[in-house]
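Structure data (compact mmCIF, C-alpha atoms and all ligand atoms) from data.txt:
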# COMPACT_ATOMS: atom_id res chain seq x y z
CA MET W 506 0.00 0.00 0.00
CA THR W 507 1.36 3.43 -0.95
CA GLU W 508 0.65 6.44 1.20
CA VAL W 509 1.37 10.14 0.94
CA VAL W 510 1.22 13.01 3.41
CA LEU W 511 -0.16 16.21 1.89
CA ALA W 512 0.36 19.64 3.46
CA TYR W 513 -3.26 20.73 3.25
CA SER W 514 -4.82 24.18 3.50
CA GLY W 515 -8.37 23.35 2.49
CA GLY W 516 -8.17 25.74 -0.48
CA LEU W 517 -8.66 24.95 -4.13
CA ASP W 518 -5.12 23.81 -5.02
CA THR W 519 -4.57 21.43 -2.14
CA SER W 520 -8.12 20.06 -2.34
CA VAL W 521 -7.65 19.22 -6.00
CA CYS W 522 -4.39 17.51 -5.04
CA ILE W 523 -6.20 14.80 -3.05
CA PRO W 524 -7.99 13.09 -5.97
CA LEU W 525 -5.01 13.84 -8.23
CA LEU W 526 -2.63 11.99 -5.91
CA LYS W 527 -4.84 8.95 -6.23
CA GLU W 528 -5.87 9.13 -9.88
CA ARG W 529 -2.67 10.42 -11.46
CA TYR W 530 -0.04 9.16 -9.04
CA GLY W 531 -1.72 5.93 -7.94
CA PHE W 532 -1.45 6.46 -4.17
CA ASP W 533 -3.77 4.24 -2.14
CA ARG W 534 -4.09 6.58 0.80
CA VAL W 535 -3.79 10.35 1.16
CA VAL W 536 -3.14 11.70 4.67
CA THR W 537 -3.84 15.44 4.96
CA VAL W 538 -2.20 17.72 7.50
CA LEU W 539 -3.82 21.09 8.12
CA VAL W 540 -1.71 23.42 10.25
CA ASP W 541 -3.49 26.15 12.18
CA VAL W 542 -1.24 29.22 12.02
CA GLY W 543 -4.08 31.58 12.82
CA GLN W 544 -6.05 31.53 9.58
CA PRO W 545 -9.79 32.18 10.00
CA ILE W 546 -11.67 29.45 11.79
CA GLU W 547 -14.05 29.10 8.80
CA ASP W 548 -11.08 28.17 6.59
CA ILE W 549 -10.04 25.48 9.04
CA GLU W 550 -13.58 24.16 9.30
CA ARG W 551 -13.96 24.15 5.52
CA GLY W 552 -10.64 22.30 5.27
CA ASN W 553 -11.72 19.73 7.84
CA LYS W 554 -15.00 19.18 6.03
CA ARG W 555 -13.36 18.75 2.65
CA ALA W 556 -10.67 16.49 4.08
CA LYS W 557 -13.33 14.28 5.62
CA GLN W 558 -14.96 13.98 2.23
CA LEU W 559 -11.80 13.46 0.17
CA ALA W 560 -8.88 12.22 2.30
CA ASP W 561 -8.27 8.91 4.03
CA GLU W 562 -6.93 10.37 7.23
CA HIS W 563 -6.78 13.96 8.41
CA TYR W 564 -4.82 15.84 11.06
CA VAL W 565 -5.35 19.39 12.32
CA ILE W 566 -2.43 20.80 14.25
CA ASP W 567 -2.75 23.94 16.32
CA ALA W 568 0.64 25.61 15.82
CA LYS W 569 -0.36 29.19 16.64
CA LYS W 570 1.72 29.48 19.79
CA GLU W 571 4.78 27.94 18.14
CA PHE W 572 4.28 30.17 15.09
CA VAL W 573 4.26 33.28 17.24
CA GLU W 574 7.07 32.38 19.61
CA LYS W 575 9.48 30.59 17.27
CA TYR W 576 8.84 32.48 14.03
CA LEU W 577 7.11 35.82 14.58
CA PHE W 578 9.03 36.98 17.65
CA PRO W 579 12.37 36.42 15.86
CA LEU W 580 10.89 38.26 12.85
CA ILE W 581 10.01 41.27 15.01
CA LYS W 582 13.47 41.28 16.59
CA ALA W 583 14.96 41.19 13.07
CA ASN W 584 12.64 43.92 11.73
CA GLY W 585 11.85 41.31 9.09
CA SER W 586 10.70 42.70 5.78
CA TYR W 587 11.54 41.99 2.15
CA GLU W 588 11.23 44.80 -0.41
CA GLY W 589 8.61 46.27 1.92
CA TYR W 590 6.75 42.94 2.30
CA VAL W 591 6.10 41.85 5.92
CA LEU W 592 7.00 38.20 5.17
CA GLY W 593 3.63 36.76 6.16
CA THR W 594 3.34 33.72 3.92
CA ALA W 595 7.08 33.15 3.87
CA ILE W 596 7.49 32.90 7.62
CA ALA W 597 4.73 30.30 8.08
CA ARG W 598 5.74 27.86 5.34
CA PRO W 599 8.67 26.14 7.06
CA LEU W 600 6.52 25.47 10.13
CA ILE W 601 3.70 24.01 8.03
CA ALA W 602 6.21 21.84 6.17
CA LYS W 603 7.80 20.68 9.44
CA LYS W 604 4.42 19.59 10.83
CA ALA W 605 3.72 17.56 7.68
CA VAL W 606 7.14 15.92 8.04
CA GLU W 607 6.40 15.08 11.69
CA ILE W 608 3.23 13.23 10.72
CA ALA W 609 5.03 11.40 7.90
CA GLU W 610 7.73 10.32 10.36
CA GLN W 611 5.24 9.21 12.99
CA LYS W 612 3.36 7.11 10.47
CA ASP W 613 6.43 5.96 8.58
CA ILE W 614 5.13 7.38 5.30
CA LYS W 615 7.77 7.94 2.62
CA ASN W 616 6.01 10.44 0.37
CA LEU W 617 5.38 14.14 0.95
CA ALA W 618 3.23 16.39 -1.23
CA HIS W 619 2.38 20.08 -1.40
CA GLY W 620 -0.03 22.07 -3.58
CA CYS W 621 2.30 24.86 -4.71
CA THR W 622 2.63 25.90 -8.31
CA GLY W 623 5.88 26.05 -10.22
CA ARG W 624 5.76 29.83 -10.42
CA GLY W 625 5.97 30.94 -6.83
CA ASN W 626 8.20 30.90 -3.79
CA ASP W 627 6.23 28.44 -1.72
CA GLN W 628 7.45 25.36 -3.61
CA LEU W 629 10.98 26.32 -2.59
CA ARG W 630 10.05 26.94 1.04
CA PHE W 631 8.21 23.63 1.40
CA GLU W 632 10.88 21.64 -0.35
CA ALA W 633 13.74 23.19 1.61
CA VAL W 634 12.18 21.34 4.56
CA PHE W 635 10.78 18.26 2.78
CA ARG W 636 14.07 17.49 1.07
CA CYS W 637 15.86 17.24 4.44
CA THR W 638 14.10 13.87 4.71
CA PRO W 639 14.66 10.80 2.52
CA CYS W 640 11.02 11.08 1.34
CA ARG W 641 9.93 11.42 -2.28
CA VAL W 642 8.55 14.91 -2.90
CA ILE W 643 5.43 15.31 -5.04
CA ALA W 644 4.19 18.65 -6.39
CA PRO W 645 1.12 17.85 -8.52
CA MET W 646 0.35 21.46 -9.51
CA ARG W 647 3.84 21.94 -10.87
CA GLU W 648 4.40 18.47 -12.30
CA LEU W 649 1.06 18.36 -14.14
CA ASP W 650 1.38 22.03 -15.14
CA LEU W 651 -2.21 22.75 -14.15
CA ALA W 652 -4.07 25.96 -14.92
CA ARG W 653 -6.59 27.44 -12.52
CA GLU W 654 -9.54 27.08 -14.94
CA TRP W 655 -8.80 23.38 -15.31
CA GLU W 656 -8.56 22.98 -11.54
CA ILE W 657 -11.95 24.62 -10.99
CA GLU W 658 -13.55 22.27 -13.52
CA TYR W 659 -11.82 19.21 -12.03
CA ALA W 660 -12.86 20.27 -8.50
CA ARG W 661 -16.49 20.55 -9.59
CA GLU W 662 -16.35 17.06 -11.14
CA HIS W 663 -15.09 15.71 -7.82
CA GLY W 664 -17.80 17.34 -5.76
CA ILE W 665 -15.50 19.96 -4.24
CA ASP W 666 -17.46 23.16 -3.69
CA VAL W 667 -15.30 25.97 -5.06
CA PRO W 668 -15.69 29.41 -3.53
CA VAL W 669 -13.57 31.05 -6.25
CA SER W 670 -15.38 32.29 -9.35
CA LYS W 671 -14.47 34.19 -12.50
CA GLU W 672 -15.54 37.41 -10.77
CA ARG W 673 -13.75 36.69 -7.49
CA PRO W 674 -10.82 34.55 -8.52
CA TRP W 675 -8.49 35.58 -5.68
CA SER W 676 -5.91 33.21 -4.34
CA ILE W 677 -5.72 34.04 -0.65
CA ASP W 678 -3.18 32.98 1.96
CA GLU W 679 -3.80 33.92 5.58
CA ASN W 680 -2.17 33.46 8.92
CA LEU W 681 -1.95 35.50 12.12
CA TRP W 682 0.63 37.85 10.62
CA SER W 683 -0.75 38.67 7.20
CA ARG W 684 -3.31 38.11 4.51
CA SER W 685 -2.15 37.86 0.91
CA ILE W 686 -4.41 38.31 -2.09
CA GLU W 687 -3.28 37.36 -5.59
CA GLY W 688 -4.71 36.54 -8.99
CA GLY W 689 -7.44 37.61 -11.38
CA LYS W 690 -7.39 41.24 -12.39
CA LEU W 691 -4.80 42.00 -9.70
CA GLU W 692 -2.25 40.37 -11.99
CA ASP W 693 -2.31 43.61 -13.97
CA PRO W 694 -0.07 45.85 -11.84
CA TYR W 695 -1.81 48.94 -13.27
CA PHE W 696 -5.22 47.79 -12.03
CA GLU W 697 -6.26 49.41 -8.73
CA PRO W 698 -7.34 46.78 -6.19
CA PRO W 699 -11.07 46.86 -5.51
CA GLU W 700 -12.10 47.44 -1.88
CA GLU W 701 -13.61 43.93 -1.75
CA ILE W 702 -10.21 42.22 -1.65
CA TYR W 703 -9.66 43.52 1.89
CA ALA W 704 -10.98 41.63 4.90
CA TRP W 705 -8.82 42.78 7.83
CA THR W 706 -8.59 46.51 7.12
CA LYS W 707 -11.24 49.19 6.77
CA ARG W 708 -10.79 51.84 4.10
CA PRO W 709 -8.60 54.58 5.65
CA ASP W 710 -10.93 57.31 6.84
CA ALA W 711 -9.71 60.75 7.94
CA SER W 712 -13.03 61.53 9.65
CA LYS W 713 -12.42 58.77 12.22
CA PRO W 714 -10.64 60.03 15.35
CA PRO W 715 -7.11 58.68 15.92
CA VAL W 716 -6.45 55.91 18.43
CA VAL W 717 -3.29 55.90 20.55
CA ILE W 718 -2.02 52.59 21.94
CA GLU W 719 1.09 51.67 23.88
CA ILE W 720 3.14 48.56 23.21
CA GLY W 721 5.57 47.28 25.82
CA PHE W 722 8.64 45.25 24.81
CA GLU W 723 10.86 42.90 26.86
CA GLN W 724 14.11 41.97 25.15
CA GLY W 725 12.66 42.98 21.80
CA VAL W 726 9.48 40.92 22.22
CA PRO W 727 6.09 42.67 22.48
CA GLU W 728 4.51 41.68 25.78
CA THR W 729 1.98 44.31 26.78
CA LEU W 730 -0.75 46.35 25.15
CA ASP W 731 -1.75 49.48 27.05
CA GLY W 732 -0.04 48.07 30.11
CA ALA W 733 -1.87 44.74 30.07
CA GLN W 734 0.25 41.59 29.76
CA MET W 735 -0.86 39.50 26.77
CA ASP W 736 0.32 36.31 25.18
CA GLY W 737 1.58 36.73 21.65
CA VAL W 738 -1.37 35.19 19.83
CA GLU W 739 -3.83 37.35 21.74
CA LEU W 740 -1.74 40.50 21.29
CA ILE W 741 -1.41 40.07 17.52
CA ARG W 742 -5.12 39.31 17.13
CA GLU W 743 -6.09 42.38 19.14
CA LEU W 744 -3.71 44.61 17.17
CA ASN W 745 -5.04 43.27 13.89
CA ARG W 746 -8.50 44.28 15.04
CA VAL W 747 -7.68 47.73 16.46
CA ALA W 748 -5.28 48.80 13.71
CA GLY W 749 -7.37 47.18 10.95
CA GLU W 750 -10.28 49.35 12.09
CA GLN W 751 -8.08 52.41 11.33
CA GLY W 752 -7.12 51.07 7.88
CA VAL W 753 -3.52 50.37 8.94
CA GLY W 754 -1.43 47.79 7.10
CA ARG W 755 -2.25 47.60 3.42
CA THR W 756 0.49 46.92 0.90
CA ASP W 757 0.17 47.01 -2.88
CA MET W 758 3.51 46.22 -4.49
CA VAL W 759 5.51 44.55 -7.20
CA GLU W 760 7.66 41.87 -5.58
CA ASP W 761 10.71 40.01 -6.87
CA ARG W 762 10.16 36.32 -6.34
CA VAL W 763 13.11 34.03 -5.74
CA LEU W 764 12.81 32.59 -9.26
CA GLY W 765 13.25 36.09 -10.66
CA LEU W 766 9.65 36.62 -11.70
CA LYS W 767 8.14 39.91 -10.66
CA ALA W 768 4.66 39.59 -9.19
CA ARG W 769 1.95 42.05 -8.21
CA GLU W 770 1.14 41.42 -4.58
CA ASN W 771 -1.50 42.75 -2.23
CA TYR W 772 -1.30 42.27 1.51
CA GLU W 773 -3.04 43.22 4.74
CA HIS W 774 -1.10 43.14 8.00
CA PRO W 775 -2.27 45.66 10.61
CA ALA W 776 -0.55 44.13 13.65
CA ALA W 777 2.67 43.57 11.72
CA THR W 778 2.79 47.20 10.63
CA VAL W 779 2.25 48.48 14.17
CA LEU W 780 4.66 46.07 15.85
CA LEU W 781 7.47 46.52 13.33
CA ALA W 782 7.21 50.32 13.44
CA ALA W 783 7.15 50.33 17.24
CA HIS W 784 10.05 47.90 17.52
CA LYS W 785 12.22 49.82 15.09
CA ASP W 786 11.44 53.04 16.90
CA LEU W 787 12.48 51.56 20.25
CA GLU W 788 15.72 50.31 18.70
CA HIS W 789 16.62 53.90 17.86
CA LEU W 790 16.21 54.84 21.50
CA VAL W 791 18.14 51.87 22.92
CA LEU W 792 20.79 50.60 20.51
CA SER W 793 24.07 52.35 19.85
CA ARG W 794 24.65 54.04 16.52
CA ALA W 795 27.17 51.35 15.58
CA GLU W 796 24.72 48.59 16.51
CA LEU W 797 21.97 50.20 14.48
CA ARG W 798 24.10 50.53 11.36
CA PHE W 799 25.40 46.98 11.55
CA LYS W 800 22.05 45.49 12.49
CA THR W 801 20.40 46.94 9.38
CA ALA W 802 22.67 44.72 7.29
CA VAL W 803 22.00 41.72 9.55
CA ASP W 804 18.24 42.34 9.37
CA ASP W 805 18.39 42.47 5.57
CA ALA W 806 20.31 39.21 5.42
CA TRP W 807 17.86 37.61 7.88
CA SER W 808 14.88 38.80 5.82
CA GLU W 809 16.34 37.41 2.61
CA MET W 810 16.81 33.99 4.26
CA ALA W 811 13.30 34.08 5.74
CA TYR W 812 11.82 35.06 2.37
CA MET W 813 13.51 32.11 0.74
CA GLY W 814 12.41 29.77 3.53
CA LEU W 815 16.02 28.84 4.31
CA VAL W 816 15.48 28.64 8.07
CA ASP W 817 17.63 25.52 8.42
CA ASP W 818 20.67 27.14 6.85
CA PRO W 819 23.32 27.70 9.54
CA LEU W 820 23.53 31.37 8.56
CA TYR W 821 19.95 31.81 9.76
CA SER W 822 20.84 30.72 13.29
CA ASP W 823 24.11 32.70 13.17
CA LEU W 824 22.10 35.82 12.36
CA ASN W 825 19.55 34.99 15.06
CA ALA W 826 22.35 34.70 17.61
CA PHE W 827 23.53 38.22 16.83
CA ILE W 828 19.99 39.56 16.79
CA ASP W 829 19.11 37.94 20.14
CA GLN W 830 22.23 39.39 21.72
CA SER W 831 21.36 42.84 20.36
CA GLN W 832 17.88 42.62 21.91
CA GLN W 833 19.02 42.05 25.51
CA ARG W 834 18.52 45.71 26.38
CA MET W 835 15.46 46.20 24.22
CA ASN W 836 13.04 46.90 27.05
CA GLY W 837 10.58 49.74 27.06
CA SER W 838 7.42 50.93 25.43
CA VAL W 839 6.29 52.87 22.40
CA ARG W 840 3.09 54.87 21.97
CA MET W 841 1.64 54.47 18.50
CA LYS W 842 -0.94 56.72 16.89
CA LEU W 843 -3.24 54.89 14.49
CA PHE W 844 -4.93 57.23 12.11
CA CYS W 845 -6.31 57.05 8.58
CA GLY W 846 -4.20 54.09 7.45
CA SER W 847 -0.99 55.05 9.21
CA ALA W 848 0.72 53.86 12.39
CA ILE W 849 3.12 56.47 13.71
CA PRO W 850 5.27 56.34 16.82
CA VAL W 851 4.47 59.39 18.94
CA GLY W 852 6.31 58.57 22.16
CA ARG W 853 8.85 56.09 23.50
CA ARG W 854 10.62 55.34 26.77
CA SER W 855 13.04 52.75 28.09
CA PRO W 856 15.04 52.07 31.24
CA ASP W 857 17.87 51.13 28.86
CA ALA W 858 17.74 54.21 26.63
CA LEU W 859 20.99 55.62 25.29
CA TYR W 860 19.27 58.97 25.27
CA SER W 861 20.07 61.68 27.77
CA GLN W 862 17.79 64.66 27.83
CA GLU W 863 20.15 66.24 30.31
CA MET W 864 23.02 66.21 27.81
CA VAL W 865 21.20 66.98 24.59
CA SER W 866 18.82 69.69 25.82
CA PHE W 867 19.03 73.25 24.47
CA ASP W 868 18.62 74.34 28.04
CA SER W 869 21.38 72.23 29.56
CA GLN W 870 24.92 73.16 30.55
CA THR W 871 26.01 69.66 31.61
CA LEU W 872 28.32 69.43 28.61
CA SER W 873 30.30 72.47 27.59
CA GLN W 874 29.52 73.36 23.97
CA ARG W 875 33.07 74.65 23.62
CA ASP W 876 34.43 71.10 23.94
CA ALA W 877 33.02 70.30 20.50
CA GLU W 878 35.26 72.86 18.81
CA GLY W 879 38.27 70.54 18.44
CA PHE W 880 36.04 67.83 16.96
CA ALA W 881 34.59 70.32 14.49
CA LYS W 882 38.07 71.36 13.36
CA TYR W 883 38.94 67.81 12.32
CA HIS W 884 35.54 67.04 10.78
CA GLY W 885 35.81 67.03 6.98
CA PHE W 886 39.63 67.25 7.26
CA GLN W 887 40.42 65.18 4.16
CA ALA W 888 38.06 67.13 1.92
CA ARG W 889 39.76 70.35 2.96
CA LEU W 890 43.19 68.90 2.18
CA LEU W 891 42.01 67.88 -1.23
CA LYS W 892 40.54 71.29 -1.94
CA ARG W 893 43.83 72.95 -1.10
CA LYS W 894 45.70 70.60 -3.45
CA CYS W 895 43.38 71.26 -6.39
CA SER W 896 43.40 75.03 -6.07
N1 LIG W 901 4.29 36.50 -2.63
C1 LIG W 901 4.17 36.13 -1.27
C2 LIG W 901 5.25 35.19 -0.86
O1 LIG W 901 5.86 34.58 -1.71
C3 LIG W 901 2.79 35.63 -0.89
C4 LIG W 901 2.24 34.47 -1.62
C5 LIG W 901 0.90 34.12 -1.08
N2 LIG W 901 0.18 33.13 -1.85
C6 LIG W 901 -1.09 33.28 -2.25
N3 LIG W 901 -1.61 32.32 -2.94
N4 LIG W 901 -1.80 34.33 -2.00
O2 LIG W 901 5.53 35.06 0.30
Show me, as structure tokens, the structure contained in the file I just sent.
Ligand code: ARG
Amino acid sequence: MTEVVLAYSGGLDTSVCIPLLKERYGFDRVVTVLVDVGQPIEDIERGNKRAKQLADEHYVIDAKKEFVEKYLFPLIKANGSYEGYVLGTAIARPLIAKKAVEIAEQKDIKNLAHGCTGRGNDQLRFEAVFRCTPCRVIAPMRELDLAREWEIEYAREHGIDVPVSKERPWSIDENLWSRSIEGGKLEDPYFEPPEEIYAWTKRPDASKPPVVIEIGFEQGVPETLDGAQMDGVELIRELNRVAGEQGVGRTDMVEDRVLGLKARENYEHPAATVLLAAHKDLEHLVLSRAELRFKTAVDDAWSEMAYMGLVDDPLYSDLNAFIDQSQQRMNGSVRMKLFCGSAIPVGRRSPDALYSQEMVSFDSQTLSQRDAEGFAKYHGFQARLLKRKCS
């Protein structure tokens, strides 16, 4: 008997994969693994229902806490972002893949499948994890070169109810951190996204009064909202709600995929926008200038690895080691004003600040201004030498 474990989302692609794995690949049993990384409960329920109908065995794994603590907290510490993208889909893929591998190992199944196409990044992220095992990797969408129209038809023939239509053909990927919308007319980068693609964010509205919230960090990790201690899942959910209400966290961009293809991408990520802006702001209060300059390069390298899904590469943990060390003093809080689609830091404080009002103030005499004269004389020294030579 041949069996395969399929990383299953409950969406069109992975649902179509179940009958395909049997009919086209000849597997006797398909075991689906649906990983809960904070997507809407209706998606999980729809996935469970479809899996019951189509698969031979089905697992739902609640990985929300692990997702937040092992993936999103490091992302926040690293100010993770790629070309302005908050890394929502990218950061969840390795975890989903790892959970599928765990089930395959437990059940001694030697085949692993995913529903990614051959055009995107997700195939690479899944396979970076899958190929660490001796299992055979199956990617039906890519191998059979399937088009979406064909899939919809095939799904209908197999009794899979398809919520996508010609009018609303969006391919959506959601987790706690972000919601991604692709496909249909959005593929034309000149086409303005219709309001209906958004589910987490209201249309920015200048007539709504601003909301000010305060986020408290401990060693770079957000722990409190307006003074109240919250676990990460709860905090992110609440921020998605509050900031989404103010229209915060929409991105419309052209993104360079790993393969080199440029793609038009639309995202929603209210909590991510607020937390990343607050974290970065606190870093400017706490870290030294040298740390800030160097960490920008480390953060970029980290983001590139996270985007590619290369979380098992030793460089990823090397970078995390530096980042964790840099966050030791990152304690304090940032007040954020949420207004008409923007999230702006309006106040920050920290017991570990490298800021001294006493020394920098216009009103202070703690430091003698005259001491700076010698410094100023040497500043730009080489340029002056050069000027003298040329004249
Ligand atoms: N372009 C993004 C990434 O590679 C998001 C892809 C999300 N997929 C989707 N079907 N909406 O991380």
Practice task
Kindly compile the residues surrounding ligand LIG 901 (chain W) within 6 Å, counting only C-alpha atoms and all ligand atoms, and format them as JSON, numbers by chain.
Solution key: {"W": [592, 594, 595, 626, 676, 677, 678, 685, 686, 687]}
Exercise for the section: Fewer than 6 positions away in the same chain doesn't count, so skip those; otherwise give me all residues within 9 Å of Pro856 in chain W, counting all atoms listed in the file, as a ChimeraX atom specification. Expected result: /W:791,834,836-837
Sort by chain and increasing residue number a table of all residues of range 666-720 of chain W within 8 Å of range 538-553 of chain W, each with its closest pair of atoms and their distance in Å to one decimal, counting only C-alpha atoms, and write it as JSON lines.
{"residue": "W:Glu679", "atom": "CA", "partner": "W:Gln544", "partner_atom": "CA", "distance": 5.2}
{"residue": "W:Asn680", "atom": "CA", "partner": "W:Gln544", "partner_atom": "CA", "distance": 4.4}
{"residue": "W:Leu681", "atom": "CA", "partner": "W:Gly543", "partner_atom": "CA", "distance": 4.5}
Exercise for the section: With a distance cut-off of 10 Å and all atoms listed in the file, select the neighbouring residues of range 522-534 of chain W, excluding the residue or stretch itself and same-chain residues fewer than 6 positions from it, and output the selection as a ChimeraX atom specification. Expected result: /W:506-513,555-556,559-562,616,618-621,643-646,649,656,659-660,663
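Using only C-alpha atoms, the smallest distance between any of W:Arg598, W:Arg755, W:Lys604, W:His563 and Ala633 in chain W comes from W:Arg598.
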Exercise for the section: Compare W:Lys569, W:His789, W:Lys800, W:Arg673 by their minimum atom-to-atom distance to Arg854 in chain W, counting only C-alpha atoms, and give me the closest one. Expected result: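 For Arg854 in chain W, the nearest of the given residues is W:His789.
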Practice task
Just give me the residues with any atom within 10 Å of (-4.6, 57.3, 9.5), file coordinates, counting all atoms listed in the file, written as number ranges by chain.
Solution key: W: 708-716, 748, 751-753, 842-849
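Between CA of Phe696 in chain W and CA of Leu744 in chain W the interatomic distance comes to 29.4 Å.
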Practice task
Name the residues in contact with range 717-727 of chain W at a cut-off of 10 Å, using all atoms listed in the file, excluding same-chain residues fewer than 4 positions from it; report them as a ChimeraX atom specification.
Solution key: /W:574,577-583,731-737,740-741,744,747-748,779-780,783-785,787-788,828-844,848-855
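The space separating CA of Glu662 in chain W from CA of Gly623 in chain W comes to 24.0 Å.
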Problem - Distance in Å - CA of Tyr576 in chain W versus CA of Ala597 in chain W - result: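 A separation of 7.6 Å between them.
With all atoms listed in the file taken into account, the protein and nucleic acid residues at most 6 Å from Asn745 in chain W (excluding it and anything under 4 positions from it in its own chain) are Gly749, Pro775 and Ala776 of chain W.
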Which residues are close to Val759 in chain W, i.e. within 7 Å by all atoms listed in the file, leaving aside same-chain residues fewer than 4 positions away? Reply as a CSV table (one decimal) with C-alpha atoms, keeping the file's coordinate frame.
chain,number,residue,atom,x,y,z
W,767,LYS,CA,8.1,39.9,-10.7
W,768,ALA,CA,4.7,39.6,-9.2
W,769,ARG,CA,2.0,42.0,-8.2
W,770,GLU,CA,1.1,41.4,-4.6
Regenerate range 572-586 of chain W at the level of N, CA and C atoms and dump it as a PDB file, keeping the file's coordinate frame.
ATOM      1  N   PHE W 572       4.105  29.213  16.188  1.00  0.00           N
ATOM      2  CA  PHE W 572       4.280  30.170  15.090  1.00  0.00           C
ATOM      3  C   PHE W 572       4.677  31.538  15.645  1.00  0.00           C
ATOM      4  N   VAL W 573       3.978  31.962  16.677  1.00  0.00           N
ATOM      5  CA  VAL W 573       4.260  33.280  17.240  1.00  0.00           C
ATOM      6  C   VAL W 573       5.631  33.286  17.929  1.00  0.00           C
ATOM      7  N   GLU W 574       5.861  32.306  18.776  1.00  0.00           N
ATOM      8  CA  GLU W 574       7.070  32.380  19.610  1.00  0.00           C
ATOM      9  C   GLU W 574       8.348  32.013  18.864  1.00  0.00           C
ATOM     10  N   LYS W 575       8.260  31.045  17.947  1.00  0.00           N
ATOM     11  CA  LYS W 575       9.480  30.590  17.270  1.00  0.00           C
ATOM     12  C   LYS W 575       9.723  31.279  15.924  1.00  0.00           C
ATOM     13  N   TYR W 576       8.680  31.877  15.363  1.00  0.00           N
ATOM     14  CA  TYR W 576       8.840  32.480  14.030  1.00  0.00           C
ATOM     15  C   TYR W 576       8.563  33.983  14.023  1.00  0.00           C
ATOM     16  N   LEU W 577       7.444  34.390  14.653  1.00  0.00           N
ATOM     17  CA  LEU W 577       7.110  35.820  14.580  1.00  0.00           C
ATOM     18  C   LEU W 577       7.922  36.681  15.548  1.00  0.00           C
ATOM     19  N   PHE W 578       8.202  36.180  16.740  1.00  0.00           N
ATOM     20  CA  PHE W 578       9.030  36.980  17.650  1.00  0.00           C
ATOM     21  C   PHE W 578      10.433  37.203  17.062  1.00  0.00           C
ATOM     22  N   PRO W 579      11.083  36.164  16.531  1.00  0.00           N
ATOM     23  CA  PRO W 579      12.370  36.420  15.860  1.00  0.00           C
ATOM     24  C   PRO W 579      12.231  37.405  14.700  1.00  0.00           C
ATOM     25  N   LEU W 580      11.105  37.327  13.972  1.00  0.00           N
ATOM     26  CA  LEU W 580      10.890  38.260  12.850  1.00  0.00           C
ATOM     27  C   LEU W 580      10.829  39.704  13.364  1.00  0.00           C
ATOM     28  N   ILE W 581      10.120  39.910  14.454  1.00  0.00           N
ATOM     29  CA  ILE W 581      10.010  41.270  15.010  1.00  0.00           C
ATOM     30  C   ILE W 581      11.395  41.754  15.441  1.00  0.00           C
ATOM     31  N   LYS W 582      12.129  40.887  16.127  1.00  0.00           N
ATOM     32  CA  LYS W 582      13.470  41.280  16.590  1.00  0.00           C
ATOM     33  C   LYS W 582      14.375  41.633  15.406  1.00  0.00           C
ATOM     34  N   ALA W 583      14.124  40.964  14.260  1.00  0.00           N
ATOM     35  CA  ALA W 583      14.960  41.190  13.070  1.00  0.00           C
ATOM     36  C   ALA W 583      14.375  42.265  12.161  1.00  0.00           C
ATOM     37  N   ASN W 584      13.326  42.950  12.602  1.00  0.00           N
ATOM     38  CA  ASN W 584      12.640  43.920  11.730  1.00  0.00           C
ATOM     39  C   ASN W 584      12.393  43.307  10.352  1.00  0.00           C
ATOM     40  N   GLY W 585      11.953  42.061  10.335  1.00  0.00           N
ATOM     41  CA  GLY W 585      11.850  41.310   9.090  1.00  0.00           C
ATOM     42  C   GLY W 585      10.944  41.946   8.050  1.00  0.00           C
ATOM     43  N   SER W 586      11.500  42.210   6.902  1.00  0.00           N
ATOM     44  CA  SER W 586      10.700  42.700   5.780  1.00  0.00           C
ATOM     45  C   SER W 586      11.527  42.584   4.505  1.00  0.00           C
TER      46      SER W 586
END
